[in-house]
Every structure is written in structure tokens, then in C-alpha cells.
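Undergrad: File protein-v5.csv below, CSV, N, CA and C atoms:
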chain,number,residue,atom,x,y,z
A,1238,MET,N,158.5,119.7,129.4
A,1238,MET,CA,158.6,118.3,129.4
A,1238,MET,C,157.6,117.7,128.4
A,1239,SER,N,158.1,116.9,127.5
A,1239,SER,CA,157.2,116.2,126.5
A,1239,SER,C,156.5,115.1,127.1
A,1240,LEU,N,155.3,114.9,126.6
A,1240,LEU,CA,154.5,113.8,127.1
A,1240,LEU,C,154.8,112.5,126.2
A,1241,ILE,N,155.0,111.4,126.9
A,1241,ILE,CA,155.2,110.1,126.2
A,1241,ILE,C,153.9,109.4,126.1
A,1242,THR,N,153.5,109.1,124.9
A,1242,THR,CA,152.2,108.6,124.6
A,1242,THR,C,152.2,107.3,123.8
A,1243,LEU,N,151.5,106.4,124.2
A,1243,LEU,CA,151.2,105.2,123.4
A,1243,LEU,C,149.8,105.4,122.8
A,1244,ILE,N,149.7,105.2,121.5
A,1244,ILE,CA,148.5,105.5,120.7
A,1244,ILE,C,147.9,104.1,120.3
A,1245,ASP,N,146.7,103.9,120.8
A,1245,ASP,CA,146.0,102.7,120.4
A,1245,ASP,C,145.3,103.0,119.0
A,1246,LEU,N,145.7,102.2,118.0
A,1246,LEU,CA,145.2,102.4,116.7
A,1246,LEU,C,144.0,101.5,116.4
A,1247,PRO,N,142.9,102.0,115.9
A,1247,PRO,CA,141.7,101.2,115.7
A,1247,PRO,C,141.9,100.1,114.6
A,1248,VAL,N,141.5,98.9,115.1
A,1248,VAL,CA,141.7,97.7,114.2
A,1248,VAL,C,140.3,97.5,113.6
A,1249,LEU,N,140.3,97.4,112.2
A,1249,LEU,CA,139.1,97.1,111.5
A,1249,LEU,C,139.3,95.7,110.9
A,1250,GLY,N,138.3,95.0,110.6
A,1250,GLY,CA,138.5,93.7,109.9
A,1250,GLY,C,137.3,92.8,110.2
A,1251,ASP,N,137.4,91.6,109.7
A,1251,ASP,CA,136.4,90.6,109.8
A,1251,ASP,C,137.1,89.2,109.7
A,1252,GLU,N,136.3,88.2,109.4
A,1252,GLU,CA,136.9,86.9,109.3
A,1252,GLU,C,138.1,86.8,108.3
A,1253,ARG,N,138.2,87.7,107.4
A,1253,ARG,CA,139.3,87.7,106.4
A,1253,ARG,C,140.6,88.2,107.0
A,1254,GLY,N,140.6,88.9,108.1
A,1254,GLY,CA,141.8,89.4,108.7
A,1254,GLY,C,141.6,90.8,109.2
A,1255,SER,N,142.7,91.5,109.7
A,1255,SER,CA,142.6,92.8,110.3
A,1255,SER,C,143.2,93.8,109.4
A,1256,LEU,N,142.8,95.1,109.6
A,1256,LEU,CA,143.3,96.2,108.9
A,1256,LEU,C,143.4,97.4,109.9
A,1257,VAL,N,144.5,98.1,109.8
A,1257,VAL,CA,144.7,99.3,110.6
A,1257,VAL,C,145.0,100.4,109.6
A,1258,ALA,N,144.2,101.5,109.6
A,1258,ALA,CA,144.4,102.6,108.7
A,1258,ALA,C,145.1,103.7,109.5
A,1259,LEU,N,146.2,104.3,108.9
A,1259,LEU,CA,146.9,105.4,109.6
A,1259,LEU,C,146.6,106.6,108.8
A,1260,GLU,N,146.1,107.6,109.5
A,1260,GLU,CA,145.6,108.9,108.9
A,1260,GLU,C,146.2,110.1,109.6
A,1261,GLY,N,147.0,110.8,108.8
A,1261,GLY,CA,147.6,112.0,109.4
A,1261,GLY,C,146.6,113.0,109.9
A,1262,ASN,N,146.8,113.6,111.0
A,1262,ASN,CA,146.0,114.6,111.7
A,1262,ASN,C,144.7,114.0,112.1
A,1263,LYS,N,144.6,112.6,112.2
A,1263,LYS,CA,143.4,111.9,112.7
A,1263,LYS,C,144.0,111.0,113.8
A,1264,ASN,N,144.3,109.7,113.5
A,1264,ASN,CA,144.8,108.9,114.5
A,1264,ASN,C,146.3,109.0,114.7
A,1265,ILE,N,147.0,109.7,113.7
A,1265,ILE,CA,148.4,110.1,113.9
A,1265,ILE,C,148.3,111.6,114.1
A,1266,PRO,N,148.9,112.1,115.2
A,1266,PRO,CA,148.7,113.5,115.6
A,1266,PRO,C,149.5,114.6,114.8
A,1267,PHE,N,149.8,114.3,113.6
A,1267,PHE,CA,150.5,115.3,112.7
A,1267,PHE,C,150.3,114.9,111.3
A,1268,GLU,N,150.6,115.8,110.4
A,1268,GLU,CA,150.6,115.4,108.9
A,1268,GLU,C,151.8,114.5,108.7
A,1269,ILE,N,151.6,113.4,108.0
A,1269,ILE,CA,152.7,112.5,107.7
A,1269,ILE,C,153.4,112.9,106.4
A,1270,LYS,N,154.7,113.2,106.6
A,1270,LYS,CA,155.5,113.6,105.4
A,1270,LYS,C,156.6,112.6,105.0
A,1271,ARG,N,156.9,111.7,105.9
A,1271,ARG,CA,157.9,110.7,105.6
A,1271,ARG,C,157.5,109.4,106.3
A,1272,VAL,N,157.8,108.3,105.6
A,1272,VAL,CA,157.6,107.0,106.2
A,1272,VAL,C,158.8,106.1,105.9
A,1273,TYR,N,159.3,105.4,106.9
A,1273,TYR,CA,160.4,104.5,106.7
A,1273,TYR,C,160.2,103.3,107.7
A,1274,TYR,N,161.0,102.3,107.4
A,1274,TYR,CA,160.9,101.1,108.3
A,1274,TYR,C,162.3,100.5,108.5
A,1275,ILE,N,162.4,99.9,109.7
A,1275,ILE,CA,163.7,99.3,110.1
A,1275,ILE,C,163.4,97.8,110.2
A,1276,TYR,N,164.3,97.0,109.6
A,1276,TYR,CA,164.1,95.5,109.6
A,1276,TYR,C,165.5,94.9,109.5
A,1277,GLY,N,165.5,93.6,109.8
A,1277,GLY,CA,166.8,92.9,109.7
A,1277,GLY,C,167.9,93.3,110.6
A,1278,THR,N,167.5,93.9,111.8
A,1278,THR,CA,168.4,94.4,112.8
A,1278,THR,C,169.1,93.2,113.4
A,1279,GLN,N,170.4,93.1,113.4
A,1279,GLN,CA,171.1,92.0,114.0
A,1279,GLN,C,171.0,91.9,115.5
A,1280,LYS,N,171.1,90.7,116.0
A,1280,LYS,CA,171.0,90.5,117.5
A,1280,LYS,C,172.1,91.3,118.2
A,1281,GLY,N,171.6,92.0,119.3
A,1281,GLY,CA,172.6,92.7,120.1
A,1281,GLY,C,172.8,94.2,119.6
A,1282,VAL,N,172.2,94.5,118.5
A,1282,VAL,CA,172.4,95.9,117.9
A,1282,VAL,C,171.3,96.8,118.5
A,1283,ALA,N,171.8,98.0,118.9
A,1283,ALA,CA,170.9,99.0,119.4
A,1283,ALA,C,170.9,100.2,118.3
A,1284,ARG,N,169.8,100.9,118.3
A,1284,ARG,CA,169.7,102.0,117.3
A,1284,ARG,C,169.1,103.2,118.0
A,1285,GLY,N,169.0,104.3,117.2
A,1285,GLY,CA,168.5,105.5,117.8
A,1285,GLY,C,169.6,106.4,118.3
A,1286,PHE,N,169.6,106.6,119.6
A,1286,PHE,CA,170.6,107.4,120.3
A,1286,PHE,C,170.6,108.8,119.7
A,1287,HIS,N,169.4,109.4,119.7
A,1287,HIS,CA,169.3,110.8,119.2
A,1287,HIS,C,168.0,111.3,119.6
A,1288,ALA,N,167.8,112.6,119.5
A,1288,ALA,CA,166.6,113.3,119.7
A,1288,ALA,C,166.4,114.3,118.5
A,1289,HIS,N,165.2,114.8,118.4
A,1289,HIS,CA,164.9,115.8,117.3
A,1289,HIS,C,164.4,117.1,117.9
A,1290,LYS,N,164.9,118.2,117.3
A,1290,LYS,CA,164.4,119.5,117.8
A,1290,LYS,C,163.0,119.8,117.4
A,1291,GLU,N,162.6,119.5,116.2
A,1291,GLU,CA,161.2,119.8,115.7
A,1291,GLU,C,160.4,118.6,115.3
A,1292,LEU,N,161.1,117.5,114.8
A,1292,LEU,CA,160.4,116.4,114.2
A,1292,LEU,C,159.6,115.6,115.3
A,1293,LYS,N,158.4,115.2,114.9
A,1293,LYS,CA,157.6,114.2,115.7
A,1293,LYS,C,157.5,113.0,114.9
A,1294,GLN,N,157.4,111.8,115.6
A,1294,GLN,CA,157.3,110.6,114.9
A,1294,GLN,C,156.4,109.6,115.7
A,1295,VAL,N,155.8,108.7,115.0
A,1295,VAL,CA,155.1,107.6,115.6
A,1295,VAL,C,155.8,106.3,115.2
A,1296,ALA,N,156.2,105.4,116.1
A,1296,ALA,CA,156.8,104.2,115.8
A,1296,ALA,C,155.8,103.1,116.0
A,1297,ILE,N,155.7,102.1,115.1
A,1297,ILE,CA,154.7,101.0,115.1
A,1297,ILE,C,155.5,99.8,114.8
A,1298,CYS,N,155.4,98.8,115.7
A,1298,CYS,CA,156.1,97.5,115.4
A,1298,CYS,C,155.1,96.6,114.6
A,1299,LEU,N,155.3,96.5,113.3
A,1299,LEU,CA,154.4,95.8,112.5
A,1299,LEU,C,154.5,94.3,112.7
A,1300,SER,N,155.7,93.8,113.0
A,1300,SER,CA,156.0,92.4,113.2
A,1300,SER,C,157.0,92.3,114.3
A,1301,GLY,N,156.9,91.2,115.1
A,1301,GLY,CA,157.9,91.0,116.1
A,1301,GLY,C,157.8,92.0,117.3
A,1302,SER,N,159.0,92.4,117.8
A,1302,SER,CA,159.0,93.3,119.0
A,1302,SER,C,160.4,94.0,119.1
A,1303,CYS,N,160.4,95.1,119.8
A,1303,CYS,CA,161.6,95.8,120.2
A,1303,CYS,C,161.3,96.6,121.4
A,1304,ARG,N,162.3,97.1,122.0
A,1304,ARG,CA,162.2,97.9,123.3
A,1304,ARG,C,162.7,99.3,122.9
A,1305,PHE,N,162.1,100.3,123.6
A,1305,PHE,CA,162.4,101.7,123.5
A,1305,PHE,C,162.8,102.2,124.9
A,1306,VAL,N,163.8,103.0,125.0
A,1306,VAL,CA,164.0,103.8,126.2
A,1306,VAL,C,163.8,105.3,125.7
A,1307,MET,N,162.8,105.9,126.4
A,1307,MET,CA,162.5,107.3,126.0
A,1307,MET,C,162.9,108.2,127.2
A,1308,ASP,N,163.6,109.3,126.9
A,1308,ASP,CA,164.2,110.2,127.9
A,1308,ASP,C,163.9,111.6,127.5
A,1309,ASP,N,163.2,112.3,128.4
A,1309,ASP,CA,162.9,113.7,128.1
A,1309,ASP,C,163.8,114.7,128.8
A,1310,GLY,N,164.9,114.1,129.3
A,1310,GLY,CA,165.9,115.0,130.0
A,1310,GLY,C,165.6,115.0,131.5
A,1311,VAL,N,164.5,114.6,132.0
A,1311,VAL,CA,164.1,114.5,133.4
A,1311,VAL,C,163.8,113.1,133.8
A,1312,LYS,N,163.1,112.4,133.0
A,1312,LYS,CA,162.7,111.1,133.3
A,1312,LYS,C,162.9,110.1,132.2
A,1313,LYS,N,163.2,108.9,132.5
A,1313,LYS,CA,163.4,107.8,131.4
A,1313,LYS,C,162.3,106.8,131.6
A,1314,ASN,N,161.7,106.4,130.5
A,1314,ASN,CA,160.6,105.4,130.5
A,1314,ASN,C,161.0,104.3,129.5
A,1315,GLU,N,160.7,103.1,129.8
A,1315,GLU,CA,160.9,102.0,128.8
A,1315,GLU,C,159.6,101.4,128.4
A,1316,PHE,N,159.6,101.1,127.1
A,1316,PHE,CA,158.4,100.5,126.4
A,1316,PHE,C,158.8,99.3,125.6
A,1317,ILE,N,157.9,98.4,125.5
A,1317,ILE,CA,158.0,97.3,124.6
A,1317,ILE,C,157.0,97.5,123.5
A,1318,LEU,N,157.4,97.6,122.3
A,1318,LEU,CA,156.4,97.6,121.2
A,1318,LEU,C,156.3,96.2,120.6
A,1319,ASN,N,155.1,95.7,120.5
A,1319,ASN,CA,155.0,94.3,120.0
A,1319,ASN,C,153.6,94.1,119.4
A,1320,SER,N,152.9,95.2,119.0
A,1320,SER,CA,151.6,95.1,118.4
A,1320,SER,C,151.5,96.0,117.2
A,1321,PRO,N,151.0,95.6,116.1
A,1321,PRO,CA,150.7,96.5,115.0
A,1321,PRO,C,149.5,97.4,115.2
A,1322,SER,N,148.9,97.3,116.3
A,1322,SER,CA,147.7,98.2,116.6
A,1322,SER,C,148.1,99.2,117.7
A,1323,GLN,N,149.4,99.4,118.0
A,1323,GLN,CA,149.8,100.4,119.0
A,1323,GLN,C,151.0,101.1,118.5
A,1324,GLY,N,151.0,102.4,118.6
A,1324,GLY,CA,152.1,103.2,118.2
A,1324,GLY,C,152.7,104.0,119.4
A,1325,LEU,N,154.0,104.3,119.3
A,1325,LEU,CA,154.6,105.1,120.3
A,1325,LEU,C,154.9,106.5,119.7
A,1326,LEU,N,154.3,107.5,120.3
A,1326,LEU,CA,154.6,108.9,119.9
A,1326,LEU,C,156.0,109.3,120.4
A,1327,ILE,N,156.8,109.7,119.5
A,1327,ILE,CA,158.2,110.2,119.8
A,1327,ILE,C,158.1,111.7,119.6
A,1328,ASP,N,157.9,112.5,120.6
A,1328,ASP,CA,157.7,113.9,120.5
A,1328,ASP,C,159.0,114.6,120.3
A,1329,VAL,N,159.0,115.9,120.1
A,1329,VAL,CA,160.2,116.7,120.0
A,1329,VAL,C,161.0,116.6,121.3
A,1330,MET,N,162.3,116.7,121.3
A,1330,MET,CA,163.2,116.7,122.4
A,1330,MET,C,163.0,115.4,123.3
A,1331,GLN,N,162.8,114.3,122.6
A,1331,GLN,CA,162.8,113.0,123.3
A,1331,GLN,C,164.0,112.2,122.8
A,1332,TRP,N,164.9,112.0,123.7
A,1332,TRP,CA,166.1,111.1,123.4
A,1332,TRP,C,165.5,109.7,123.3
A,1333,HIS,N,165.8,109.0,122.3
A,1333,HIS,CA,165.2,107.6,122.2
A,1333,HIS,C,166.3,106.6,121.7
A,1334,GLU,N,166.2,105.5,122.3
A,1334,GLU,CA,167.1,104.3,122.0
A,1334,GLU,C,166.2,103.1,121.8
A,1335,MET,N,166.5,102.4,120.8
A,1335,MET,CA,165.8,101.1,120.5
A,1335,MET,C,166.7,100.0,120.5
A,1336,TYR,N,166.3,98.9,121.1
A,1336,TYR,CA,167.2,97.7,121.3
A,1336,TYR,C,166.3,96.4,121.4
A,1337,ASP,N,167.0,95.3,121.6
A,1337,ASP,CA,166.3,94.0,121.8
A,1337,ASP,C,165.3,93.7,120.7
A,1338,PHE,N,165.7,94.0,119.4
A,1338,PHE,CA,164.9,93.7,118.3
A,1338,PHE,C,164.8,92.2,118.1
A,1339,SER,N,163.5,91.7,117.9
A,1339,SER,CA,163.4,90.3,117.6
A,1339,SER,C,163.8,90.1,116.2
A,1340,GLU,N,164.1,88.8,115.8
A,1340,GLU,CA,164.6,88.5,114.5
A,1340,GLU,C,163.6,88.9,113.4
A,1341,ASP,N,162.3,88.9,113.7
A,1341,ASP,CA,161.3,89.2,112.8
A,1341,ASP,C,160.7,90.6,112.9
A,1342,CYS,N,161.4,91.5,113.6
A,1342,CYS,CA,160.9,92.8,113.9
A,1342,CYS,C,160.9,93.7,112.6
A,1343,ILE,N,159.8,94.3,112.4
A,1343,ILE,CA,159.7,95.3,111.3
A,1343,ILE,C,159.1,96.5,112.1
A,1344,LEU,N,159.9,97.6,112.2
A,1344,LEU,CA,159.5,98.8,112.9
A,1344,LEU,C,159.2,99.9,111.9
A,1345,LEU,N,157.9,100.3,111.8
A,1345,LEU,CA,157.5,101.3,110.9
A,1345,LEU,C,157.5,102.7,111.6
A,1346,VAL,N,158.0,103.7,111.0
A,1346,VAL,CA,158.1,105.0,111.6
A,1346,VAL,C,157.4,106.0,110.7
A,1347,LEU,N,156.5,106.8,111.2
A,1347,LEU,CA,155.8,107.9,110.5
A,1347,LEU,C,156.4,109.2,111.0
A,1348,ALA,N,156.8,110.1,110.1
A,1348,ALA,CA,157.5,111.3,110.6
A,1348,ALA,C,156.7,112.5,110.1
A,1349,SER,N,156.8,113.6,110.9
A,1349,SER,CA,156.0,114.8,110.6
A,1349,SER,C,156.7,115.7,109.6
A,1350,ASP,N,157.9,115.4,109.2
A,1350,ASP,CA,158.6,116.2,108.2
A,1350,ASP,C,159.7,115.3,107.4
A,1351,PHE,N,160.2,115.9,106.4
A,1351,PHE,CA,161.2,115.2,105.6
A,1351,PHE,C,162.5,115.1,106.4
A,1352,TYR,N,163.4,114.3,106.0
A,1352,TYR,CA,164.7,114.1,106.6
A,1352,TYR,C,165.5,115.4,106.6
A,1353,ASP,N,166.0,115.8,107.8
A,1353,ASP,CA,166.9,117.0,107.9
A,1353,ASP,C,167.9,116.8,109.0
A,1354,GLU,N,169.1,116.6,108.6
A,1354,GLU,CA,170.2,116.3,109.5
A,1354,GLU,C,170.3,117.4,110.6
A,1355,ALA,N,170.0,118.6,110.2
A,1355,ALA,CA,170.2,119.7,111.2
A,1355,ALA,C,169.2,119.6,112.3
A,1356,ASP,N,168.2,118.8,112.2
A,1356,ASP,CA,167.2,118.7,113.3
A,1356,ASP,C,167.6,117.6,114.3
A,1357,TYR,N,168.6,116.8,114.0
A,1357,TYR,CA,169.1,115.8,114.9
A,1357,TYR,C,169.9,116.4,116.0
A,1358,ILE,N,169.8,115.8,117.2
A,1358,ILE,CA,170.7,116.0,118.3
A,1358,ILE,C,171.3,114.6,118.6
A,1359,ARG,N,172.6,114.4,118.3
A,1359,ARG,CA,173.2,113.1,118.3
A,1359,ARG,C,174.1,112.9,119.5
A,1360,ASN,N,174.3,114.0,120.3
A,1360,ASN,CA,175.2,113.9,121.4
A,1360,ASN,C,174.3,114.1,122.7
A,1361,TYR,N,174.4,113.1,123.6
A,1361,TYR,CA,173.6,113.1,124.8
A,1361,TYR,C,173.8,114.3,125.7
A,1362,ASP,N,175.0,114.7,125.9
A,1362,ASP,CA,175.3,115.9,126.7
A,1362,ASP,C,174.7,117.1,126.1
A,1363,SER,N,174.8,117.3,124.8
A,1363,SER,CA,174.1,118.4,124.2
A,1363,SER,C,172.6,118.4,124.3
A,1364,PHE,N,172.0,117.2,124.2
A,1364,PHE,CA,170.6,117.0,124.4
A,1364,PHE,C,170.2,117.4,125.8
A,1365,MET,N,171.0,117.0,126.8
A,1365,MET,CA,170.6,117.3,128.2
A,1365,MET,C,170.7,118.9,128.4
A,1366,LYS,N,171.7,119.5,127.9
A,1366,LYS,CA,171.7,121.0,128.0
A,1366,LYS,C,170.5,121.7,127.3
A,1367,LEU,N,170.1,121.2,126.1
A,1367,LEU,CA,169.0,121.8,125.4
A,1367,LEU,C,167.7,121.4,126.1
A,1368,SER,N,167.6,120.2,126.7
A,1368,SER,CA,166.4,119.8,127.3
A,1368,SER,C,166.1,120.6,128.5
A,1369,LYS,N,167.1,121.0,129.2
A,1369,LYS,CA,166.9,121.9,130.4
A,1369,LYS,C,166.2,123.2,130.0
A,1370,ARG,N,166.5,123.7,128.9
A,1370,ARG,CA,165.9,124.9,128.4
A,1370,ARG,C,164.5,124.6,127.9
A,1371,HIS,N,164.3,123.5,127.3
A,1371,HIS,CA,163.0,123.1,126.8
A,1371,HIS,C,162.0,122.7,127.8
A,1372,ASN,N,162.4,122.1,128.9
A,1372,ASN,CA,161.5,121.6,130.0
A,1372,ASN,C,161.2,122.8,130.9
Could the structure of this file be written out as C-alpha cells, please?
TA:
Amino acid sequence: MSLITLIDLPVLGDERGSLVALEGNKNIPFEIKRVYYIYGTQKGVARGFHAHKELKQVAICLSGSCRFVMDDGVKKNEFILNSPSQGLLIDVMQWHEMYDFSEDCILLVLASDFYDEADYIRNYDSFMKLSKRHN
């Protein structure tokens, strides 16, 4: 069973504003090989609906908010991301769904590897079968 972790990111700054530094193998628990962000998600649209066999990710809501459902094949947990100083670790074999994006939501995702379609599990029944072997 994978551990679902919220990561509190250290906020630096002064009267000029705040700064959060993201460092691979330091406050991000892996080497960062890919960065992408999701924005402009239309009202009522959900995203995700997949898991990864090997890829780890950290999702950070830079602006606005969104909800995550995380499912390790045994237990489902729901999280609201709404702070640029907190990240959600999406570990291997974590089925994840994102929804309820605010209009101003910008969701940054840091990934442990480059894009590889073969690493995706896009069918929930297949995920459940594989997760039983993984847990």
C-alpha cells in the first residue's frame, strides 16, 4: 500500500512577498525530470482517472483550488489543494482523479520521469487487479 502524503513546502520571504523553492531530492522526494501545469479547466470537468506503475509526482495548486480523490486499491482519500505552500505526493500505483477546479486554478505537477505512455494504467479494473499484487 502506498502512503498518501501532503508535503508542507517551506515559505521564504519578507515584506516584498513569498517564495517557495522546489528542490529535487530535498523537499521534493525524487529527482525532478518533468514539470507541467494544468489551467483553464472548464467548470464540471474532471481529469486524471489513471495511475502510474513507476512514476511519482507532486501536485501543487499555485492558484485557486481543486479536489483530488486518491485510491491505492484498498482505501480512497479526498484532498483539497488550495495552497502554493503544500504539495500532494502521488506515489506509484495511486489512482487519482482531480475535479472541482476553481476558475483560477493553476495546478503544477512535478514528475520523477519523462512522459511514457506505457507507464499509465488508464483502466480502473486493470488498476485494481495490479494493485492487489502491489499491496
Undergrad: Restricting the calculation to only N, CA and C atoms, which member of A:Tyr1276, A:Phe1338, A:Trp1332, A:Phe1351 is positioned closest to Ala1288 of chain A?
TA: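 Between A:Tyr1276, A:Phe1338, A:Trp1332, A:Phe1351, the residue approaching Ala1288 of chain A most closely is A:Trp1332.
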Undergrad: According to DSSP computed on the backbone, where in segment 1259-1356 of chain A is there strand (DSSP E)? Give the residues as a PyMOL selection string.
TA: chain A and resi 1271-1276+1284-1289+1294-1300+1303-1308+1313-1318+1323-1327+1332-1336+1343-1348
Undergrad: Have a look at A:Gln1323, A:Ser1368, A:Ser1302, A:Ser1363 and name the one nearest to Leu1246 of chain A; count only N, CA and C atoms.
TA: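 Closest residue, counting only N, CA and C atoms: A:Gln1323.
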Undergrad: Between atom C of Leu1249 of chain A and atom N of Asp1350 of chain A, measure the distance and give it in Å to one decimal.
TA: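 Computing the Euclidean distance for atom C of Leu1249 of chain A and atom N of Asp1350 of chain A yields 27.1 Å.
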Undergrad: Could you tell me which of A:Thr1242, A:Thr1278, A:Ser1320, A:Asn1314 comes closest to Glu1340 of chain A if we count only N, CA and C atoms?
TA: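 Once distances to Glu1340 of chain A are computed over only N, CA and C atoms, the minimum belongs to A:Thr1278.
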Undergrad: Can you work out the spacing between atom N of Lys1280 of chain A and atom CA of Lys1313 of chain A in Å, to one decimal?
TA: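 Here the two named atoms are 24.3 Å from each other.
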Undergrad: Kindly give the distance, in Å, that separates atom CA of Lys1293 of chain A and atom CA of Asp1328 of chain A, rounded to a single decimal.
TA: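 If I compute the distance from atom CA of Lys1293 of chain A to atom CA of Asp1328 of chain A, I get 4.8 Å.
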Undergrad: Please list as a PDB file with N, CA and C atoms, keeping the file's coordinate frame every residue within 7 Å of segment 1303-1311 of chain A, counting all atoms listed in the file and excluding residues in the same chain fewer than 4 positions away.
TA:
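And here is the file that came out, out-v4.pdb:
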ATOM      1  N   MET A1238     158.500 119.700 129.400  1.00  0.00           N
ATOM      2  CA  MET A1238     158.600 118.300 129.400  1.00  0.00           C
ATOM      3  C   MET A1238     157.600 117.700 128.400  1.00  0.00           C
ATOM      4  N   SER A1239     158.100 116.900 127.500  1.00  0.00           N
ATOM      5  CA  SER A1239     157.200 116.200 126.500  1.00  0.00           C
ATOM      6  C   SER A1239     156.500 115.100 127.100  1.00  0.00           C
ATOM      7  N   CYS A1298     155.400  98.800 115.700  1.00  0.00           N
ATOM      8  CA  CYS A1298     156.100  97.500 115.400  1.00  0.00           C
ATOM      9  C   CYS A1298     155.100  96.600 114.600  1.00  0.00           C
ATOM     10  N   GLU A1315     160.700 103.100 129.800  1.00  0.00           N
ATOM     11  CA  GLU A1315     160.900 102.000 128.800  1.00  0.00           C
ATOM     12  C   GLU A1315     159.600 101.400 128.400  1.00  0.00           C
ATOM     13  N   PHE A1316     159.600 101.100 127.100  1.00  0.00           N
ATOM     14  CA  PHE A1316     158.400 100.500 126.400  1.00  0.00           C
ATOM     15  C   PHE A1316     158.800  99.300 125.600  1.00  0.00           C
ATOM     16  N   ILE A1317     157.900  98.400 125.500  1.00  0.00           N
ATOM     17  CA  ILE A1317     158.000  97.300 124.600  1.00  0.00           C
ATOM     18  C   ILE A1317     157.000  97.500 123.500  1.00  0.00           C
ATOM     19  N   LEU A1318     157.400  97.600 122.300  1.00  0.00           N
ATOM     20  CA  LEU A1318     156.400  97.600 121.200  1.00  0.00           C
ATOM     21  C   LEU A1318     156.300  96.200 120.600  1.00  0.00           C
ATOM     22  N   ASN A1319     155.100  95.700 120.500  1.00  0.00           N
ATOM     23  CA  ASN A1319     155.000  94.300 120.000  1.00  0.00           C
ATOM     24  C   ASN A1319     153.600  94.100 119.400  1.00  0.00           C
ATOM     25  N   MET A1330     162.300 116.700 121.300  1.00  0.00           N
ATOM     26  CA  MET A1330     163.200 116.700 122.400  1.00  0.00           C
ATOM     27  C   MET A1330     163.000 115.400 123.300  1.00  0.00           C
ATOM     28  N   GLN A1331     162.800 114.300 122.600  1.00  0.00           N
ATOM     29  CA  GLN A1331     162.800 113.000 123.300  1.00  0.00           C
ATOM     30  C   GLN A1331     164.000 112.200 122.800  1.00  0.00           C
ATOM     31  N   TRP A1332     164.900 112.000 123.700  1.00  0.00           N
ATOM     32  CA  TRP A1332     166.100 111.100 123.400  1.00  0.00           C
ATOM     33  C   TRP A1332     165.500 109.700 123.300  1.00  0.00           C
ATOM     34  N   HIS A1333     165.800 109.000 122.300  1.00  0.00           N
ATOM     35  CA  HIS A1333     165.200 107.600 122.200  1.00  0.00           C
ATOM     36  C   HIS A1333     166.300 106.600 121.700  1.00  0.00           C
ATOM     37  N   GLU A1334     166.200 105.500 122.300  1.00  0.00           N
ATOM     38  CA  GLU A1334     167.100 104.300 122.000  1.00  0.00           C
ATOM     39  C   GLU A1334     166.200 103.100 121.800  1.00  0.00           C
ATOM     40  N   MET A1335     166.500 102.400 120.800  1.00  0.00           N
ATOM     41  CA  MET A1335     165.800 101.100 120.500  1.00  0.00           C
ATOM     42  C   MET A1335     166.700 100.000 120.500  1.00  0.00           C
ATOM     43  N   TYR A1336     166.300  98.900 121.100  1.00  0.00           N
ATOM     44  CA  TYR A1336     167.200  97.700 121.300  1.00  0.00           C
ATOM     45  C   TYR A1336     166.300  96.400 121.400  1.00  0.00           C
ATOM     46  N   ASP A1337     167.000  95.300 121.600  1.00  0.00           N
ATOM     47  CA  ASP A1337     166.300  94.000 121.800  1.00  0.00           C
ATOM     48  C   ASP A1337     165.300  93.700 120.700  1.00  0.00           C
ATOM     49  N   PHE A1338     165.700  94.000 119.400  1.00  0.00           N
ATOM     50  CA  PHE A1338     164.900  93.700 118.300  1.00  0.00           C
ATOM     51  C   PHE A1338     164.800  92.200 118.100  1.00  0.00           C
ATOM     52  N   SER A1339     163.500  91.700 117.900  1.00  0.00           N
ATOM     53  CA  SER A1339     163.400  90.300 117.600  1.00  0.00           C
ATOM     54  C   SER A1339     163.800  90.100 116.200  1.00  0.00           C
ATOM     55  N   CYS A1342     161.400  91.500 113.600  1.00  0.00           N
ATOM     56  CA  CYS A1342     160.900  92.800 113.900  1.00  0.00           C
ATOM     57  C   CYS A1342     160.900  93.700 112.600  1.00  0.00           C
ATOM     58  N   PHE A1364     172.000 117.200 124.200  1.00  0.00           N
ATOM     59  CA  PHE A1364     170.600 117.000 124.400  1.00  0.00           C
ATOM     60  C   PHE A1364     170.200 117.400 125.800  1.00  0.00           C
ATOM     61  N   MET A1365     171.000 117.000 126.800  1.00  0.00           N
ATOM     62  CA  MET A1365     170.600 117.300 128.200  1.00  0.00           C
ATOM     63  C   MET A1365     170.700 118.900 128.400  1.00  0.00           C
ATOM     64  N   SER A1368     167.600 120.200 126.700  1.00  0.00           N
ATOM     65  CA  SER A1368     166.400 119.800 127.300  1.00  0.00           C
ATOM     66  C   SER A1368     166.100 120.600 128.500  1.00  0.00           C
ATOM     67  N   LYS A1369     167.100 121.000 129.200  1.00  0.00           N
ATOM     68  CA  LYS A1369     166.900 121.900 130.400  1.00  0.00           C
ATOM     69  C   LYS A1369     166.200 123.200 130.000  1.00  0.00           C
TER      70      LYS A1369
END
Undergrad: Between A:Ser1300, A:Ser1349, A:Asn1360, A:Gln1279, which is the closest to Pro1266 of chain A once you count only N, CA and C atoms?
TA: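 Result for the nearest residue to Pro1266 of chain A: A:Ser1349.
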Undergrad: In segment 1302-1370 of chain A, what's helix (DSSP H, G or I) per DSSP? Answer as a list in words?
TA: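 Put together, the selection reads Glu1354, Ala1355, Asp1356, Tyr1361, Asp1362, Ser1363, Phe1364, Met1365, Lys1366, Leu1367, Ser1368, Lys1369 and Arg1370 of chain A.
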